[in-house]
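A.B. asks: Quick one, model24.cif (mmCIF, C-alpha atoms):
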data_target
loop_
_atom_site.label_atom_id
_atom_site.label_comp_id
_atom_site.auth_asym_id
_atom_site.auth_seq_id
_atom_site.Cartn_x
_atom_site.Cartn_y
_atom_site.Cartn_z
CA MET Y 1 33.80 -85.17 122.24
CA ARG Y 2 30.38 -86.27 120.99
CA VAL Y 3 30.59 -84.00 117.93
CA LEU Y 4 34.05 -85.31 117.02
CA GLY Y 5 32.80 -88.87 117.43
CA ILE Y 6 29.83 -88.27 115.14
CA ILE Y 7 32.06 -86.62 112.52
CA PHE Y 8 34.46 -89.60 112.59
CA PHE Y 9 31.54 -92.00 112.33
CA LEU Y 10 30.12 -90.10 109.36
CA PHE Y 11 33.49 -90.30 107.62
CA PHE Y 12 33.68 -94.03 108.29
CA LEU Y 13 30.09 -94.78 107.34
CA PHE Y 14 29.85 -92.73 104.15
CA GLY Y 15 33.46 -93.03 102.99
CA CYS Y 16 33.31 -96.74 102.18
CA GLU Y 17 30.83 -98.10 99.66
CA GLU Y 18 32.16 -101.66 99.28
CA GLU Y 19 29.94 -104.36 100.71
CA LEU Y 20 31.24 -107.07 103.03
CA ARG Y 21 30.21 -110.25 101.22
CA ASP Y 22 32.95 -112.84 101.72
CA PHE Y 23 36.48 -113.34 103.01
CA ARG Y 24 39.83 -114.51 101.66
CA GLN Y 25 42.14 -116.49 103.89
CA ALA Y 26 45.78 -115.45 104.17
CA GLU Y 27 46.90 -119.01 105.03
CA GLN Y 28 44.75 -120.93 102.52
CA GLU Y 29 42.47 -122.30 105.23
CA THR Y 30 38.73 -122.72 104.97
CA PHE Y 31 36.31 -121.98 107.77
CA VAL Y 32 32.65 -122.72 108.26
CA THR Y 33 30.86 -119.37 108.31
CA ILE Y 34 27.57 -119.13 110.18
CA GLU Y 35 25.38 -116.02 110.13
CA ALA Y 36 22.47 -116.61 112.49
CA THR Y 37 20.10 -114.11 114.09
CA PHE Y 38 16.85 -114.44 115.98
CA SER Y 39 14.64 -111.67 117.34
CA ASN Y 40 11.25 -110.78 118.80
CA LEU Y 41 10.00 -109.76 115.35
CA GLU Y 42 7.48 -112.26 114.03
CA LYS Y 43 8.78 -113.09 110.56
CA PHE Y 44 10.59 -115.74 108.53
CA HIS Y 45 14.06 -115.77 110.08
CA LYS Y 46 17.05 -116.76 107.94
CA ILE Y 47 20.39 -118.43 108.66
CA TYR Y 48 23.28 -118.52 106.16
CA LEU Y 49 25.85 -121.33 106.02
CA ASN Y 50 28.98 -121.09 103.88
CA GLU Y 51 32.49 -122.42 103.68
CA SER Y 52 34.92 -119.57 103.05
CA SER Y 53 37.26 -119.78 100.07
CA PRO Y 54 40.86 -120.98 100.57
CA ASN Y 55 42.05 -119.04 97.52
CA ILE Y 56 44.56 -116.23 97.78
CA SER Y 57 43.87 -115.27 94.17
CA GLY Y 58 41.27 -116.16 91.59
CA ASP Y 59 37.80 -117.15 92.72
CA THR Y 60 37.32 -116.07 96.35
CA SER Y 61 33.57 -116.71 96.46
CA PRO Y 62 32.34 -118.63 99.49
CA LYS Y 63 30.92 -122.10 98.92
CA ALA Y 64 27.37 -122.60 100.12
CA ILE Y 65 26.81 -125.43 102.60
CA SER Y 66 23.70 -127.36 101.59
CA GLY Y 67 21.85 -130.27 103.13
CA ALA Y 68 22.29 -129.21 106.76
CA GLU Y 69 19.80 -129.75 109.58
CA VAL Y 70 19.25 -126.37 111.24
CA GLN Y 71 17.17 -125.50 114.27
CA ILE Y 72 16.92 -123.04 117.14
CA VAL Y 73 15.91 -124.43 120.54
CA ASP Y 74 14.38 -122.30 123.29
CA SER Y 75 14.96 -122.66 127.02
CA LEU Y 76 11.72 -124.65 127.39
CA GLY Y 77 12.84 -127.21 124.81
CA GLU Y 78 10.64 -126.03 121.92
CA LYS Y 79 12.34 -126.42 118.53
CA ILE Y 80 12.14 -123.90 115.70
CA LEU Y 81 12.91 -125.74 112.47
CA PHE Y 82 14.57 -124.28 109.37
CA SER Y 83 14.43 -125.54 105.79
CA GLU Y 84 16.83 -124.82 102.93
CA ILE Y 85 15.19 -122.47 100.40
CA GLY Y 86 18.37 -121.75 98.40
CA GLU Y 87 21.98 -122.94 98.41
CA GLY Y 88 23.20 -122.29 101.96
CA VAL Y 89 20.08 -120.23 102.80
CA TYR Y 90 17.90 -121.67 105.57
CA GLN Y 91 14.56 -120.16 106.56
CA SER Y 92 12.26 -120.88 109.48
CA VAL Y 93 9.38 -123.04 108.30
CA GLN Y 94 6.89 -120.53 109.67
CA LYS Y 95 6.78 -116.95 110.87
CA VAL Y 96 7.94 -116.87 114.47
CA GLY Y 97 9.40 -114.44 117.01
CA ALA Y 98 11.42 -114.80 120.21
CA ILE Y 99 9.47 -114.54 123.47
CA SER Y 100 10.37 -112.16 126.30
CA GLY Y 101 12.13 -113.96 129.16
CA HIS Y 102 13.19 -116.92 126.99
CA SER Y 103 16.67 -117.92 125.90
CA TYR Y 104 17.66 -119.60 122.66
CA LYS Y 105 20.49 -121.69 121.30
CA LEU Y 106 21.54 -122.69 117.78
CA SER Y 107 21.98 -126.28 116.62
CA ILE Y 108 23.36 -127.31 113.20
CA ARG Y 109 24.25 -130.71 111.78
CA LEU Y 110 26.03 -130.91 108.41
CA LYS Y 111 25.75 -133.76 105.91
CA ASN Y 112 29.24 -134.96 106.90
CA GLY Y 113 28.06 -135.46 110.49
CA LYS Y 114 29.77 -132.41 111.96
CA ARG Y 115 27.68 -130.58 114.54
CA TYR Y 116 27.82 -126.92 115.51
CA GLY Y 117 26.03 -125.20 118.34
CA SER Y 118 25.90 -122.20 120.64
CA ASP Y 119 25.19 -121.64 124.28
CA PHE Y 120 21.84 -120.14 125.31
CA GLN Y 121 21.36 -116.46 124.44
CA GLN Y 122 18.68 -114.48 126.28
CA LEU Y 123 16.32 -112.20 124.36
CA MET Y 124 17.27 -108.56 124.92
CA TYR Y 125 14.78 -105.74 125.56
CA PRO Y 126 13.77 -104.12 122.22
CA PRO Y 127 14.79 -100.47 121.57
CA GLN Y 128 12.58 -97.72 120.13
CA ILE Y 129 13.06 -95.86 116.85
CA VAL Y 130 11.50 -92.40 117.08
CA GLU Y 131 11.99 -91.19 113.50
CA ILE Y 132 13.91 -91.97 110.32
CA LYS Y 133 15.00 -88.94 108.27
CA ASP Y 134 16.53 -88.61 104.82
CA GLU Y 135 18.39 -85.70 103.21
CA PHE Y 136 19.79 -85.42 99.70
CA VAL Y 137 23.48 -84.50 99.95
CA LEU Y 138 25.68 -83.64 96.98
CA ARG Y 139 29.35 -84.51 97.59
CA ASN Y 140 31.31 -82.12 95.39
CA ASN Y 141 34.61 -83.90 96.04
CA PHE Y 142 33.52 -86.63 93.60
CA PRO Y 143 33.30 -86.09 89.80
CA GLU Y 144 29.91 -85.85 88.08
CA ASN Y 145 30.08 -89.37 86.64
CA ASN Y 146 30.88 -90.95 90.03
CA ALA Y 147 27.98 -92.69 91.78
CA GLN Y 148 29.26 -91.54 95.18
CA ARG Y 149 28.61 -87.89 94.24
CA TYR Y 150 24.83 -88.17 94.59
CA GLY Y 151 22.95 -89.75 97.43
CA PHE Y 152 20.71 -89.48 100.47
CA ASN Y 153 22.06 -89.46 104.02
CA ILE Y 154 19.79 -91.44 106.35
CA THR Y 155 19.73 -90.58 110.05
CA VAL Y 156 17.65 -91.82 112.95
CA ASP Y 157 16.34 -90.42 116.23
CA PHE Y 158 15.98 -92.99 119.00
CA GLU Y 159 15.39 -93.32 122.71
CA ASP Y 160 18.26 -94.90 124.61
CA SER Y 161 17.22 -97.27 127.37
CA LYS Y 162 17.62 -96.09 130.95
CA ILE Y 163 19.23 -99.45 131.67
CA PRO Y 164 23.00 -98.83 131.64
CA GLY Y 165 25.37 -100.73 129.41
CA GLN Y 166 23.19 -101.07 126.31
CA TYR Y 167 24.64 -101.99 122.91
CA TYR Y 168 22.89 -101.31 119.63
CA GLN Y 169 23.20 -102.41 116.01
CA TRP Y 170 21.37 -101.00 113.00
CA ASP Y 171 20.70 -103.29 110.07
CA TRP Y 172 18.89 -101.93 107.04
CA ILE Y 173 17.68 -103.66 103.93
CA HIS Y 174 16.70 -102.41 100.48
CA TYR Y 175 14.85 -104.41 97.84
CA GLU Y 176 15.05 -103.64 94.12
CA ARG Y 177 13.09 -105.51 91.49
CA VAL Y 178 15.51 -107.38 89.21
CA LEU Y 179 15.35 -107.25 85.41
CA TYR Y 180 18.05 -109.84 84.70
CA CYS Y 181 18.48 -113.00 86.77
CA ALA Y 182 21.68 -114.27 85.12
CA SER Y 183 24.61 -112.77 83.23
CA CYS Y 184 26.68 -115.48 81.49
CA ASN Y 185 29.61 -115.45 79.10
CA ASN Y 186 28.78 -118.91 77.72
CA GLY Y 187 25.05 -118.95 78.06
CA PHE Y 188 22.76 -120.53 80.64
CA ASP Y 189 22.69 -124.24 81.50
CA TYR Y 190 19.05 -124.97 82.38
CA GLY Y 191 19.92 -128.47 83.56
CA LYS Y 192 22.24 -127.13 86.26
CA ASN Y 193 20.28 -123.90 86.73
CA ASP Y 194 23.48 -121.89 86.41
CA CYS Y 195 25.79 -120.27 83.88
CA SER Y 196 27.48 -122.72 81.51
CA ARG Y 197 31.21 -123.34 81.64
CA THR Y 198 31.34 -123.83 77.86
CA ASP Y 199 29.16 -122.59 75.01
CA GLU Y 200 27.84 -126.07 74.22
CA ASN Y 201 24.45 -125.13 75.71
CA LEU Y 202 24.10 -122.02 73.55
CA PRO Y 203 21.52 -122.23 70.77
CA TYR Y 204 22.99 -121.93 67.27
CA TYR Y 205 21.67 -118.41 66.72
CA GLU Y 206 23.62 -117.19 69.79
CA LYS Y 207 26.96 -118.96 69.28
CA TYR Y 208 28.55 -116.61 66.80
CA ASN Y 209 27.60 -113.37 68.48
CA SER Y 210 30.75 -112.41 70.37
CA ASP Y 211 29.24 -109.64 72.45
CA ARG Y 212 29.39 -110.91 76.05
CA PRO Y 213 28.06 -111.35 78.69
CA ILE Y 214 24.57 -112.50 77.77
CA ASN Y 215 21.87 -111.20 80.13
CA TYR Y 216 18.79 -113.35 80.77
CA ARG Y 217 15.56 -111.85 82.03
CA CYS Y 218 13.93 -113.18 85.18
CA GLY Y 219 11.14 -115.65 84.60
CA ASN Y 220 9.44 -114.94 87.91
CA ASN Y 221 9.28 -112.45 90.76
CA CYS Y 222 12.81 -111.48 91.81
CA PHE Y 223 14.41 -108.82 94.01
CA ASP Y 224 18.00 -107.84 94.66
CA ILE Y 225 18.86 -107.15 98.30
CA SER Y 226 21.20 -104.39 99.51
CA ARG Y 227 22.51 -104.23 103.08
CA PRO Y 228 24.91 -101.99 105.04
CA PRO Y 229 28.48 -101.97 103.67
CA GLN Y 230 29.74 -102.30 107.25
CA PHE Y 231 28.39 -102.82 110.75
CA VAL Y 232 26.61 -99.81 112.28
CA LEU Y 233 27.10 -100.02 116.05
CA PHE Y 234 26.63 -97.84 119.13
CA ALA Y 235 27.37 -98.21 122.86
CA ASP Y 236 25.55 -95.93 125.31
CA ASN Y 237 28.44 -95.66 127.80
CA LEU Y 238 28.38 -91.83 127.93
CA LEU Y 239 24.79 -91.10 126.88
CA ASN Y 240 22.72 -93.45 128.99
CA GLY Y 241 18.96 -92.81 128.96
CA GLN Y 242 19.04 -89.86 126.55
CA LYS Y 243 17.25 -89.18 123.27
CA ILE Y 244 19.79 -89.41 120.46
CA SER Y 245 19.08 -87.31 117.36
CA ASP Y 246 20.41 -87.45 113.80
CA PHE Y 247 22.50 -90.57 114.26
CA PRO Y 248 23.85 -91.62 110.82
CA VAL Y 249 22.91 -95.13 109.73
CA ALA Y 250 23.13 -95.21 105.92
CA ARG Y 251 23.80 -93.45 102.64
CA ILE Y 252 21.71 -94.57 99.70
CA PRO Y 253 22.43 -93.87 96.01
CA TYR Y 254 20.60 -91.60 93.62
CA ASP Y 255 20.47 -94.20 90.86
CA GLY Y 256 16.86 -93.68 89.84
CA THR Y 257 13.79 -91.51 90.34
CA THR Y 258 11.50 -94.21 91.73
CA ASP Y 259 10.67 -94.43 95.43
CA TYR Y 260 13.43 -96.20 97.37
CA TYR Y 261 12.31 -99.00 99.71
CA PHE Y 262 14.19 -98.71 103.01
CA GLU Y 263 13.61 -100.94 106.03
CA LEU Y 264 15.55 -100.17 109.20
CA GLU Y 265 15.94 -102.58 112.08
CA MET Y 266 17.36 -101.31 115.37
CA ARG Y 267 18.66 -104.05 117.63
CA THR Y 268 19.64 -104.31 121.28
CA ILE Y 269 22.48 -106.83 121.17
CA HIS Y 270 24.58 -108.65 123.73
CA ALA Y 271 27.93 -107.18 124.75
CA GLU Y 272 29.85 -110.18 123.35
CA VAL Y 273 28.12 -109.76 119.99
CA TYR Y 274 28.87 -106.03 119.98
CA ASN Y 275 32.54 -106.66 120.81
CA TYR Y 276 32.82 -109.33 118.13
CA LEU Y 277 31.22 -107.20 115.39
CA ASN Y 278 33.23 -104.15 116.41
CA GLN Y 279 36.48 -106.11 116.37
CA LEU Y 280 35.60 -107.65 113.01
CA LYS Y 281 34.81 -104.20 111.61
CA GLU Y 282 38.10 -102.75 112.83
CA THR Y 283 40.12 -105.77 111.71
CA THR Y 284 38.81 -105.92 108.16
CA GLN Y 285 39.00 -102.15 107.69
CA SER Y 286 42.49 -101.71 109.12
CA ASN Y 287 43.78 -104.48 106.87
CA GLY Y 288 43.04 -102.35 103.82
CA SER Y 289 40.65 -104.81 102.20
CA LEU Y 290 37.33 -106.33 103.14
CA PHE Y 291 38.35 -109.63 101.57
CA ASP Y 292 41.52 -110.46 103.51
CA ILE Y 293 41.51 -112.22 106.88
CA PRO Y 294 44.64 -111.32 108.86
CA ALA Y 295 46.19 -113.51 111.51
CA ASN Y 296 44.27 -111.81 114.33
CA THR Y 297 40.85 -112.47 112.80
CA PRO Y 298 38.20 -112.74 115.53
CA PHE Y 299 36.48 -116.09 115.42
CA SER Y 300 33.02 -116.78 116.75
CA PRO Y 301 32.52 -115.93 120.44
CA ASN Y 302 29.51 -118.20 120.90
CA ILE Y 303 29.37 -120.86 118.15
CA LYS Y 304 31.52 -123.97 118.54
CA CYS Y 305 32.06 -127.15 116.58
CA VAL Y 306 30.60 -129.73 118.96
CA THR Y 307 32.30 -132.69 117.25
CA ASP Y 308 35.70 -130.96 117.03
CA PRO Y 309 36.12 -128.24 119.71
CA LYS Y 310 39.49 -127.20 118.22
CA GLU Y 311 37.92 -126.14 114.92
CA LYS Y 312 37.63 -122.38 114.39
CA VAL Y 313 34.30 -120.98 113.25
CA LEU Y 314 33.48 -117.64 111.64
CA GLY Y 315 30.26 -115.83 112.44
CA VAL Y 316 28.02 -115.30 115.44
CA PHE Y 317 24.61 -116.28 116.81
CA SER Y 318 22.83 -113.08 117.86
CA VAL Y 319 19.55 -113.08 119.80
CA PHE Y 320 18.22 -109.55 120.16
CA GLY Y 321 15.22 -107.36 120.74
CA ALA Y 322 14.44 -105.28 117.66
CA HIS Y 323 12.26 -102.43 116.47
CA ARG Y 324 11.62 -102.21 112.73
CA LYS Y 325 10.36 -99.36 110.54
CA GLN Y 326 9.84 -99.11 106.80
CA ILE Y 327 9.81 -95.96 104.68
CA TYR Y 328 9.81 -95.07 101.00
CA ILE Y 329 12.31 -92.34 100.16
CA LYS Y 330 11.06 -89.94 97.46
CA ARG Y 331 13.64 -89.41 94.73
CA ASN Y 332 11.59 -87.58 92.09
CA ASN Y 333 11.48 -84.06 93.52
CA LEU Y 334 15.10 -82.96 93.18
CA PRO Y 335 16.34 -79.95 91.17
CA SER Y 336 16.32 -80.49 87.40
CA ASP Y 337 20.08 -79.99 87.14
CA VAL Y 338 20.69 -83.01 89.40
CA ARG Y 339 20.51 -86.20 87.36
CA PRO Y 340 20.60 -89.75 88.70
CA ILE Y 341 23.44 -92.09 87.73
CA PHE Y 342 21.61 -95.11 86.36
CA PRO Y 343 23.20 -98.58 86.57
CA ILE Y 344 24.91 -99.79 83.38
CA TYR Y 345 24.36 -103.36 82.18
CA GLN Y 346 27.40 -104.88 80.52
CA GLY Y 347 26.99 -107.07 77.44
CA ARG Y 348 23.65 -107.66 75.76
CA GLU Y 349 20.27 -109.25 76.24
CA ALA Y 350 19.66 -112.88 75.29
CA MET Y 351 18.09 -113.27 71.86
CA ALA Y 352 14.66 -114.67 71.05
CA PRO Y 353 14.62 -117.76 68.79
CA PRO Y 354 14.18 -116.99 65.08
CA GLY Y 355 10.51 -116.41 64.28
CA SER Y 356 9.60 -115.77 67.93
CA SER Y 357 9.31 -112.61 70.00
CA ILE Y 358 9.52 -114.44 73.33
CA LEU Y 359 12.84 -113.83 75.06
CA PRO Y 360 14.45 -116.69 77.03
CA THR Y 361 14.16 -116.33 80.80
CA VAL Y 362 15.81 -117.98 83.80
CA PRO Y 363 14.44 -118.61 87.32
CA CYS Y 364 15.24 -116.41 90.30
CA LYS Y 365 17.60 -118.17 92.72
CA GLU Y 366 17.14 -117.60 96.44
CA ALA Y 367 20.40 -116.32 97.98
CA LYS Y 368 21.66 -113.93 100.63
CA TYR Y 369 21.46 -110.98 98.26
CA ARG Y 370 18.51 -112.11 96.14
CA THR Y 371 15.01 -113.35 96.90
CA LYS Y 372 11.78 -114.46 95.21
CA GLN Y 373 9.75 -113.29 98.20
CA GLU Y 374 8.01 -109.94 97.78
CA PRO Y 375 8.98 -107.54 100.59
CA GLU Y 376 6.44 -106.48 103.19
CA ASN Y 377 4.40 -103.43 102.11
CA TRP Y 378 6.06 -103.43 98.69
CA HIS Y 379 4.85 -101.24 95.84
CA ASP Y 380 6.46 -100.67 92.43
#
Would you mind writing the file out in structure tokens?

C.D. replies:
Amino acid sequence: MRVLGIIFFLFFLFGCEEELRDFRQAEQETFVTIEATFSNLEKFHKIYLNESSPNISGDTSPKAISGAEVQIVDSLGEKILFSEIGEGVYQSVQKVGAISGHSYKLSIRLKNGKRYGSDFQQLMYPPQIVEIKDEFVLRNNFPENNAQRYGFNITVDFEDSKIPGQYYQWDWIHYERVLYCASCNNGFDYGKNDCSRTDENLPYYEKYNSDRPINYRCGNNCFDISRPPQFVLFADNLLNGQKISDFPVARIPYDGTTDYYFELEMRTIHAEVYNYLNQLKETTQSNGSLFDIPANTPFSPNIKCVTDPKEKVLGVFSVFGAHRKQIYIKRNNLPSDVRPIFPIYQGREAMAPPGSSILPTVPCKEAKYRTKQEPENWHD
């Protein structure tokens, strides 16, 4: 039974490469989406606020919610304040970690006066990662020019708690230094710090070059962020207190020969959070698309709109104990006949003004999948 379960999980985990980034409503509704986590790890914690798109077709990107007052309150009344560092991205004003024996609740107030909050969530006991292992695996069922053909399977050994009824989630993160910070068909509007809607902001020497998009180099430190394409979950119902070996948590691409930064966070989560994430995973996958929300979409189990209790909210507030490990995966010692599939940049690079060799640059914008902050223990 265990072997069959692991095989099914491997098929699920490594068979889908699309990343869950936003949703599309079937009934043209919009929902406030709150992604909030807090753990024992002392770090800058982040909370993401968005309003999901009502579009059935066209632009389905979520709309960032800015200008909110965000805080986490512990059971002794101490407040942990968050400030907005990017559109819809809120970060704790200092490095902080949850304290054993304490409980925490979320409190949010939007610019329109609406308030959202959770009940108190107790900090869970942190798990223990024993070892992270990587193995290059060639998948012959994909053609040679397909990025899914080459990659590294990442597995983990861990100690399950002897306390029965434990629920785990693995969240990994990869940082990649960014070359281009904007790709625009009509050039970059420096006043709005975004791509232009028309070419009126293009300099004259760019206007009549029809090759699009135009790629602008980053003017400062900037990293792209990759995360799991779906939730990686485990319940210890049948394996309580055992050492679990070679549990699959990720597959990473062979898209370069540089060392690959990989940070794994193992979490002990509450049962209601596990059930919510598991239901969300099954719902979005069974619907055939990660961007459609069917009628039976699970809404938040622990975040409510305080000012309008009938309002439905997407997302969850998860307080958990976590163990984190970082590794660099070596990608330069593979057989010579195995070649990486490098990313392809569409369009062209922005031109330098006539008589100058200095290329135009744009600033890095803090977002869920991009950051100006250099990762811990980073090396190029």

A.B. asks: Kindly give the distance, in Å, that separates CA of Lys330 in chain Y and CA of Asp259 in chain Y, rounded to a single decimal.

C.D. replies: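 Going from CA of Lys330 in chain Y over to CA of Asp259 in chain Y covers 4.9 Å.
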
A.B. asks: Apply the PyMOL selection byres ((chain Y and resi 133-138) around 8) to the file shown and report the selected residues as number ranges by chain.

C.D. replies: Y: 131-132, 139-140, 149-156, 246, 329

A.B. asks: Rounded to one decimal, what separation in Å do you get between CA of Ser226 in chain Y and CA of Glu265 in chain Y?

C.D. replies: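 Interatomic distance here is 13.7 Å.
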
A.B. asks: What's the separation between CA of Ser161 in chain Y and CA of Tyr274 in chain Y, in Å to one decimal place?

C.D. replies: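 These atoms are spaced 16.3 Å apart.
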
A.B. asks: Restricting the calculation to all atoms listed in the file, which member of Y:Asn221, Y:Ala235, Y:Glu311, Y:Ile327 is positioned closest to Tyr260 in chain Y?

C.D. replies: Y:Ile327

A.B. asks: What do you get, as a list in words, if you spell out every residue that the PyMOL selection byres ((chain Y and resi 345-358) around 7) selects here?

C.D. replies: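 When the PyMOL selection byres ((chain Y and resi 345-358) around 7) is applied, the selected residues are Asp211, Arg212, Pro213, Ile214, Asn215, Tyr216, Pro343, Ile344, Leu359 and Pro360 of chain Y.
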
A.B. asks: Tell me which of Y:Ile85, Y:Leu314, Y:Ile252, Y:Ile303 sits closest to Pro229 in chain Y, counting all atoms listed in the file.

C.D. replies: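 Counting all atoms listed in the file, the residue closest to Pro229 in chain Y is Y:Ile252.
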
A.B. asks: Between Y:Phe142, Y:Phe247, Y:Tyr104, Y:Trp170, which one has atoms that come closest to His323 in chain Y, using all atoms listed in the file?

C.D. replies: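 Counting all atoms listed in the file, the residue closest to His323 in chain Y is Y:Trp170.
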
A.B. asks: Return the single residue from Y:Cys364, Y:Gln71, Y:Glu51, Y:Leu76 that is closest to Glu29 in chain Y, with distances computed using only C-alpha atoms.

C.D. replies: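 Of Y:Cys364, Y:Gln71, Y:Glu51, Y:Leu76, the one nearest Glu29 in chain Y, counting only C-alpha atoms, is Y:Glu51.
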
A.B. asks: Determine the residue membership of the PyMOL selection byres ((chain Y and resi 273) around 10) for the file above and supply it as a PDB file with C-alpha atoms, in the coordinates of the input.

C.D. replies:
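After the write, out_4.pdb holds the following:
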ATOM      1  CA  TYR Y 167      24.640-101.990 122.910  1.00  0.00           C
ATOM      2  CA  TYR Y 168      22.890-101.310 119.630  1.00  0.00           C
ATOM      3  CA  GLN Y 169      23.200-102.410 116.010  1.00  0.00           C
ATOM      4  CA  ILE Y 269      22.480-106.830 121.170  1.00  0.00           C
ATOM      5  CA  HIS Y 270      24.580-108.650 123.730  1.00  0.00           C
ATOM      6  CA  ALA Y 271      27.930-107.180 124.750  1.00  0.00           C
ATOM      7  CA  GLU Y 272      29.850-110.180 123.350  1.00  0.00           C
ATOM      8  CA  TYR Y 274      28.870-106.030 119.980  1.00  0.00           C
ATOM      9  CA  ASN Y 275      32.540-106.660 120.810  1.00  0.00           C
ATOM     10  CA  TYR Y 276      32.820-109.330 118.130  1.00  0.00           C
ATOM     11  CA  LEU Y 277      31.220-107.200 115.390  1.00  0.00           C
ATOM     12  CA  ASN Y 278      33.230-104.150 116.410  1.00  0.00           C
ATOM     13  CA  GLN Y 279      36.480-106.110 116.370  1.00  0.00           C
ATOM     14  CA  SER Y 300      33.020-116.780 116.750  1.00  0.00           C
ATOM     15  CA  PRO Y 301      32.520-115.930 120.440  1.00  0.00           C
ATOM     16  CA  ASN Y 302      29.510-118.200 120.900  1.00  0.00           C
ATOM     17  CA  GLY Y 315      30.260-115.830 112.440  1.00  0.00           C
ATOM     18  CA  VAL Y 316      28.020-115.300 115.440  1.00  0.00           C
ATOM     19  CA  PHE Y 317      24.610-116.280 116.810  1.00  0.00           C
ATOM     20  CA  SER Y 318      22.830-113.080 117.860  1.00  0.00           C
ATOM     21  CA  VAL Y 319      19.550-113.080 119.800  1.00  0.00           C
ATOM     22  CA  PHE Y 320      18.220-109.550 120.160  1.00  0.00           C
TER      23      PHE Y 320
END

A.B. asks: Go through Y:Asn40, Y:Asn50, Y:Asn141, Y:Gln148 and flag the residue nearest Val96 in chain Y, using only C-alpha atoms for the distances.

C.D. replies: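 Once distances to Val96 in chain Y are computed over only C-alpha atoms, the minimum belongs to Y:Asn40.
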
A.B. asks: Taking into account all atoms listed in the file, which residue in the set Y:Tyr205, Y:Gln91, Y:Ile99, Y:Glu35 is nearest to Glu78 in chain Y?

C.D. replies: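 Looking only at the distances to Glu78 in chain Y, the closest residue turns out to be Y:Ile99.
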
A.B. asks: Complete range 133-137 of chain Y at the level of all heavy atoms, written as a CSV table (one decimal), keeping the file's coordinate frame.

C.D. replies:
chain,number,residue,atom,x,y,z
Y,133,LYS,N,15.0,-90.1,109.1
Y,133,LYS,CA,15.0,-88.9,108.3
Y,133,LYS,C,16.0,-89.1,107.1
Y,133,LYS,O,17.0,-89.8,107.3
Y,133,LYS,CB,15.4,-87.7,109.1
Y,133,LYS,CG,14.4,-87.3,110.2
Y,133,LYS,CD,14.8,-86.2,111.0
Y,133,LYS,CE,15.8,-86.6,112.1
Y,133,LYS,NZ,16.1,-85.5,113.0
Y,134,ASP,N,15.6,-88.6,106.0
Y,134,ASP,CA,16.5,-88.6,104.8
Y,134,ASP,C,16.8,-87.2,104.3
Y,134,ASP,O,15.9,-86.3,104.3
Y,134,ASP,CB,15.9,-89.5,103.7
Y,134,ASP,CG,14.6,-88.9,103.2
Y,134,ASP,OD1,13.6,-89.3,103.7
Y,134,ASP,OD2,14.7,-88.2,102.2
Y,135,GLU,N,18.0,-87.0,103.8
Y,135,GLU,CA,18.4,-85.7,103.2
Y,135,GLU,C,19.3,-85.9,102.0
Y,135,GLU,O,20.3,-86.7,102.1
Y,135,GLU,CB,19.1,-84.9,104.3
Y,135,GLU,CG,19.6,-83.5,103.7
Y,135,GLU,CD,20.4,-82.7,104.7
Y,135,GLU,OE1,20.9,-83.4,105.8
Y,135,GLU,OE2,20.7,-81.5,104.5
Y,136,PHE,N,18.9,-85.3,100.9
Y,136,PHE,CA,19.8,-85.4,99.7
Y,136,PHE,C,21.0,-84.6,99.9
Y,136,PHE,O,20.9,-83.4,100.3
Y,136,PHE,CB,19.1,-84.9,98.4
Y,136,PHE,CG,19.9,-85.0,97.2
Y,136,PHE,CD1,20.1,-86.2,96.6
Y,136,PHE,CD2,20.5,-83.9,96.7
Y,136,PHE,CE1,20.9,-86.3,95.4
Y,136,PHE,CE2,21.3,-83.9,95.6
Y,136,PHE,CZ,21.5,-85.1,94.9
Y,137,VAL,N,22.2,-85.2,99.7
Y,137,VAL,CA,23.5,-84.5,100.0
Y,137,VAL,C,24.4,-84.7,98.7
Y,137,VAL,O,24.6,-85.8,98.3
Y,137,VAL,CB,24.2,-85.0,101.2
Y,137,VAL,CG1,25.6,-84.3,101.4
Y,137,VAL,CG2,23.3,-84.7,102.5
